file entry.csv (CSV, C-alpha atoms)
chain,number,residue,atom,x,y,z
A,1,MET,CA,94.9,-140.5,1.2
A,2,THR,CA,94.0,-136.8,1.3
A,3,ASP,CA,94.5,-134.6,4.4
A,4,PRO,CA,91.4,-134.2,6.5
A,5,VAL,CA,89.4,-131.0,6.4
A,6,PHE,CA,88.5,-129.3,9.7
A,7,LYS,CA,85.5,-127.0,9.3
A,8,LEU,CA,84.3,-124.7,12.0
A,9,VAL,CA,80.5,-124.2,11.8
A,10,VAL,CA,79.4,-121.5,14.2
A,11,VAL,CA,76.5,-119.0,14.6
A,12,SER,CA,77.1,-115.7,16.3
A,13,THR,CA,75.3,-112.6,17.3
A,14,GLU,CA,76.3,-109.4,15.5
A,15,ASP,CA,78.2,-108.5,18.6
A,16,GLY,CA,80.3,-111.7,18.5
A,17,PHE,CA,78.8,-114.1,21.0
A,18,ILE,CA,77.9,-117.8,20.4
A,19,ALA,CA,75.7,-118.1,23.6
A,20,ARG,CA,74.7,-116.1,26.6
A,21,GLU,CA,76.1,-118.8,28.9
A,22,PRO,CA,77.1,-122.4,28.8
A,23,GLY,CA,74.2,-124.6,27.8
A,24,HIS,CA,72.5,-121.9,25.8
A,25,THR,CA,72.1,-123.5,22.5
A,26,PRO,CA,71.5,-121.8,19.1
A,27,TYR,CA,68.3,-123.7,18.8
A,28,ASP,CA,67.0,-121.2,21.3
A,29,TRP,CA,67.8,-118.1,19.3
A,30,ALA,CA,69.1,-118.8,15.7
A,31,SER,CA,67.0,-118.6,12.6
A,32,ALA,CA,65.5,-121.5,10.8
A,33,GLU,CA,67.8,-120.8,7.9
A,34,GLU,CA,70.9,-121.2,10.2
A,35,GLN,CA,69.5,-124.4,11.7
A,36,ASP,CA,69.0,-125.8,8.2
A,37,ILE,CA,72.6,-125.1,7.2
A,38,PHE,CA,73.9,-126.4,10.5
A,39,PHE,CA,72.0,-129.7,10.2
A,40,ARG,CA,73.0,-130.1,6.6
A,41,GLU,CA,76.7,-129.7,7.6
A,42,VAL,CA,76.3,-132.2,10.5
A,43,ASP,CA,74.6,-134.7,8.2
A,44,THR,CA,77.4,-134.6,5.6
A,45,ALA,CA,80.5,-134.6,7.9
A,46,ASP,CA,82.2,-137.7,8.9
A,47,TRP,CA,82.7,-136.6,12.6
A,48,GLY,CA,81.6,-133.8,14.8
A,49,ILE,CA,84.1,-132.5,17.3
A,50,MET,CA,83.0,-130.7,20.5
A,51,GLY,CA,83.6,-130.1,24.1
A,52,ARG,CA,81.9,-132.0,26.8
A,53,GLY,CA,79.4,-129.2,27.6
A,54,THR,CA,78.3,-128.9,24.0
A,55,HIS,CA,77.9,-132.6,23.7
A,56,GLU,CA,75.9,-132.8,26.9
A,57,ALA,CA,73.6,-129.9,25.8
A,58,ALA,CA,72.6,-131.9,22.8
A,59,ASP,CA,73.5,-135.6,23.2
A,60,LYS,CA,72.8,-137.5,20.0
A,61,PRO,CA,73.7,-141.2,20.4
A,62,HIS,CA,73.5,-141.9,16.7
A,63,ARG,CA,76.0,-139.1,15.7
A,64,ARG,CA,79.7,-139.8,15.3
A,65,ARG,CA,81.4,-137.5,17.8
A,66,ILE,CA,84.8,-136.8,19.2
A,67,VAL,CA,84.2,-135.3,22.6
A,68,PHE,CA,86.9,-133.3,24.3
A,69,SER,CA,87.1,-133.7,28.1
A,70,GLY,CA,89.8,-133.3,30.7
A,71,GLN,CA,88.0,-136.0,32.7
A,72,VAL,CA,89.5,-138.8,30.7
A,73,THR,CA,93.2,-139.8,30.6
A,74,ALA,CA,93.1,-142.0,27.5
A,75,PRO,CA,90.7,-142.3,24.6
A,76,GLU,CA,87.5,-143.7,25.9
A,77,TRP,CA,84.8,-145.1,23.5
A,78,ARG,CA,81.6,-144.5,25.3
A,79,ARG,CA,79.5,-145.6,22.4
A,80,ASP,CA,80.4,-147.1,19.0
A,81,THR,CA,79.8,-143.7,17.6
A,82,GLN,CA,81.5,-141.5,20.3
A,83,VAL,CA,85.0,-141.3,21.7
A,84,TRP,CA,86.0,-139.0,24.6
A,85,ILE,CA,89.5,-137.7,24.6
A,86,ASP,CA,91.8,-135.4,26.5
A,87,PRO,CA,92.7,-132.8,23.9
A,88,GLY,CA,96.0,-132.1,25.8
A,89,ASN,CA,97.2,-135.5,24.8
A,90,ILE,CA,96.7,-135.4,21.0
A,91,SER,CA,96.9,-133.1,18.0
A,92,ALA,CA,94.2,-132.3,15.4
A,93,HIS,CA,96.0,-134.3,12.7
A,94,ASP,CA,96.0,-137.4,15.0
A,95,LEU,CA,92.2,-137.5,15.1
A,96,PRO,CA,91.6,-139.3,11.8
A,97,LYS,CA,93.9,-142.2,12.9
A,98,LEU,CA,92.2,-142.4,16.3
A,99,VAL,CA,88.7,-142.9,14.8
A,100,GLY,CA,89.6,-144.5,11.5
A,101,GLY,CA,88.8,-148.0,12.7
A,102,HIS,CA,85.2,-147.0,13.4
A,103,HIS,CA,84.5,-144.7,10.4
A,104,SER,CA,86.6,-142.8,7.9
A,105,PHE,CA,87.6,-139.2,8.6
A,106,GLN,CA,87.7,-136.8,5.7
A,107,THR,CA,85.7,-134.0,7.2
A,108,GLY,CA,85.7,-133.1,10.9
A,109,LEU,CA,83.1,-130.5,11.9
A,110,ILE,CA,84.2,-128.3,14.8
A,111,LEU,CA,81.1,-127.6,16.8
A,112,GLY,CA,82.2,-125.8,19.9
A,113,GLY,CA,82.5,-124.4,22.4
A,114,THR,CA,84.9,-121.6,22.7
A,115,ARG,CA,87.8,-123.7,24.1
A,116,VAL,CA,87.4,-126.2,21.3
A,117,HIS,CA,87.6,-123.4,18.7
A,118,ASP,CA,90.7,-122.1,20.5
A,119,TRP,CA,92.3,-125.6,20.4
A,120,PHE,CA,91.9,-125.9,16.7
A,121,HIS,CA,92.8,-122.3,16.0
A,122,GLY,CA,96.0,-122.6,18.1
A,123,GLN,CA,97.1,-125.5,16.0
A,124,GLY,CA,96.4,-123.7,12.7
A,125,ALA,CA,94.0,-126.6,12.0
A,126,ILE,CA,90.8,-124.7,11.0
A,127,ASP,CA,90.6,-125.0,7.2
A,128,GLU,CA,87.2,-123.4,6.7
A,129,ILE,CA,84.7,-121.5,8.7
A,130,LEU,CA,81.0,-121.2,8.0
A,131,LEU,CA,79.8,-118.3,10.2
A,132,THR,CA,76.2,-117.4,10.4
A,133,VAL,CA,75.6,-113.9,11.9
A,134,GLU,CA,72.2,-113.4,13.4
A,135,PRO,CA,70.9,-109.8,13.6
A,136,ILE,CA,70.7,-109.8,17.4
A,137,ARG,CA,72.9,-108.7,20.2
A,138,PHE,CA,73.6,-110.3,23.6
A,139,GLY,CA,75.9,-107.6,25.0
A,140,GLN,CA,77.8,-110.3,26.8
A,141,GLY,CA,78.3,-114.1,26.7
A,142,LEU,CA,80.5,-116.7,25.3
A,143,PRO,CA,82.8,-115.5,22.4
A,144,ILE,CA,83.9,-117.4,19.3
A,145,PHE,CA,87.5,-117.4,20.6
A,146,THR,CA,88.7,-116.7,24.2
A,147,ASN,CA,90.1,-113.2,24.7
A,148,GLN,CA,88.7,-111.9,21.5
A,149,PRO,CA,87.7,-108.2,21.4
A,150,VAL,CA,84.0,-107.7,21.8
A,151,GLY,CA,82.3,-106.8,18.6
A,152,CYS,CA,81.8,-107.7,15.0
A,153,PRO,CA,82.5,-111.4,14.4
A,154,GLU,CA,83.8,-110.7,10.9
A,155,THR,CA,86.5,-108.5,12.4
A,156,VAL,CA,87.3,-111.2,15.0
A,157,LEU,CA,87.9,-113.8,12.2
A,158,GLN,CA,89.9,-111.4,10.0
A,159,GLN,CA,92.1,-110.5,13.0
A,160,ALA,CA,92.6,-114.2,13.7
A,161,GLY,CA,94.0,-114.7,10.2
A,162,TYR,CA,91.0,-115.9,8.2
A,163,VAL,CA,90.0,-114.5,4.8
A,164,LEU,CA,86.4,-114.0,3.7
A,165,ARG,CA,85.6,-116.0,0.5
A,166,ASP,CA,81.8,-115.7,0.2
A,167,ALA,CA,78.9,-113.9,1.8
A,168,GLN,CA,75.2,-114.2,1.4
A,169,THR,CA,72.0,-113.0,3.1
A,170,LEU,CA,69.8,-115.8,4.2
A,171,ASN,CA,66.5,-114.1,5.1
A,172,ALA,CA,64.5,-110.9,5.2
A,173,THR,CA,65.6,-110.2,8.8
A,174,GLY,CA,69.3,-109.9,7.7
A,175,THR,CA,70.8,-113.2,8.8
A,176,ARG,CA,74.1,-113.6,6.9
A,177,LEU,CA,76.2,-116.6,6.0
A,178,LEU,CA,79.9,-116.0,5.6
A,179,ARG,CA,82.5,-118.5,4.4
A,180,TYR,CA,86.1,-118.0,5.5
A,181,GLU,CA,89.3,-119.9,4.8
A,182,ARG,CA,92.7,-119.9,6.5
A,183,ALA,CA,94.9,-117.1,5.1
A,184,ASP,CA,97.9,-119.3,4.4
call {"tool": "encode", "arguments": {"input": "entry.csv", "output": "structure tokens"}}
result
Amino acid sequence: MTDPVFKLVVVSTEDGFIAREPGHTPYDWASAEEQDIFFREVDTADWGIMGRGTHEAADKPHRRRIVFSGQVTAPEWRRDTQVWIDPGNISAHDLPKLVGGHHSFQTGLILGGTRVHDWFHGQGAIDEILLTVEPIRFGQGLPIFTNQPVGCPETVLQQAGYVLRDAQTLNATGTRLLRYERAD
């Protein structure tokens, strides 16, 4: 059995924010090209991993999800496709075993929010990052990682220890897709 891959898929403004406030979804502001990439990644991943707020902002009963919530004390299967867990009681590499009886786990898609990004980053468990940078600025909002300096999301990821492997422009307005890997 191969090790699972944890991939962070995130869209950011050029000043490094993933939302103006909790509940503000990329659907409201991201390009069609970003949304196509996002849904392609969601469709091909074994499991999506997100916080309660992200889950509740876009509840999809048919999607396989691991939902982080401090409101549960033990893993709680709320649907055959969705388990709620307290992330303080488990490590990233325990997740495949937790859900393996329901569906295999080769690729876990980290879908947010900021605290979920922090949890995986803190464990050194983000293998790959697909970052879409939209050519807009919020000025303030929710960052990719807690306590990151405000500014260019590329700098944020490089300072966090990730290495740029590929970059491309997605549309005429300047939306960019960047692929990073852990700098091991």
call {"tool": "atom_distance", "arguments": {"input": "entry.csv", "atom1": "CA of Asp43 in chain A", "atom2": "CA of Gly108 in chain A"}}
result
11.5 Å
call {"tool": "closest_residue", "arguments": {"input": "entry.csv", "among": "A:Leu8, A:Thr169, A:His62, A:Trp119", "to": "Asp80 in chain A", "atoms": "all atoms listed in the file"}}
result
A:His62
call {"tool": "closest_residue", "arguments": {"input": "entry.csv", "among": "A:Arg79, A:Lys60, A:Arg20, A:Arg52", "to": "His102 in chain A", "atoms": "all atoms listed in the file"}}
result
A:Arg79
call {"tool": "residues_around", "arguments": {"input": "entry.csv", "residues": "Phe38 in chain A", "least_positions_apart": "4", "cutoff": "9 Å", "atoms": "all atoms listed in the file", "output": "PyMOL selection string"}}
result
chain A and resi 9-11+33-34+42-43
call {"tool": "residues_near_point", "arguments": {"input": "entry.csv", "point": "(76.1, -141.5, 17.4)", "cutoff": "12 Å", "atoms": "all atoms listed in the file", "output": "PDB file with C-alpha atoms, in the frame of the given file"}}
result
ATOM      1  CA  VAL A  42      76.300-132.200  10.500  1.00  0.00           C
ATOM      2  CA  ASP A  43      74.600-134.700   8.200  1.00  0.00           C
ATOM      3  CA  ASP A  46      82.200-137.700   8.900  1.00  0.00           C
ATOM      4  CA  TRP A  47      82.700-136.600  12.600  1.00  0.00           C
ATOM      5  CA  GLY A  48      81.600-133.800  14.800  1.00  0.00           C
ATOM      6  CA  HIS A  55      77.900-132.600  23.700  1.00  0.00           C
ATOM      7  CA  ALA A  58      72.600-131.900  22.800  1.00  0.00           C
ATOM      8  CA  ASP A  59      73.500-135.600  23.200  1.00  0.00           C
ATOM      9  CA  LYS A  60      72.800-137.500  20.000  1.00  0.00           C
ATOM     10  CA  PRO A  61      73.700-141.200  20.400  1.00  0.00           C
ATOM     11  CA  HIS A  62      73.500-141.900  16.700  1.00  0.00           C
ATOM     12  CA  ARG A  63      76.000-139.100  15.700  1.00  0.00           C
ATOM     13  CA  ARG A  64      79.700-139.800  15.300  1.00  0.00           C
ATOM     14  CA  ARG A  65      81.400-137.500  17.800  1.00  0.00           C
ATOM     15  CA  ILE A  66      84.800-136.800  19.200  1.00  0.00           C
ATOM     16  CA  VAL A  67      84.200-135.300  22.600  1.00  0.00           C
ATOM     17  CA  TRP A  77      84.800-145.100  23.500  1.00  0.00           C
ATOM     18  CA  ARG A  78      81.600-144.500  25.300  1.00  0.00           C
ATOM     19  CA  ARG A  79      79.500-145.600  22.400  1.00  0.00           C
ATOM     20  CA  ASP A  80      80.400-147.100  19.000  1.00  0.00           C
ATOM     21  CA  THR A  81      79.800-143.700  17.600  1.00  0.00           C
ATOM     22  CA  GLN A  82      81.500-141.500  20.300  1.00  0.00           C
ATOM     23  CA  VAL A  83      85.000-141.300  21.700  1.00  0.00           C
ATOM     24  CA  HIS A 102      85.200-147.000  13.400  1.00  0.00           C
ATOM     25  CA  HIS A 103      84.500-144.700  10.400  1.00  0.00           C
TER      26      HIS A 103
END
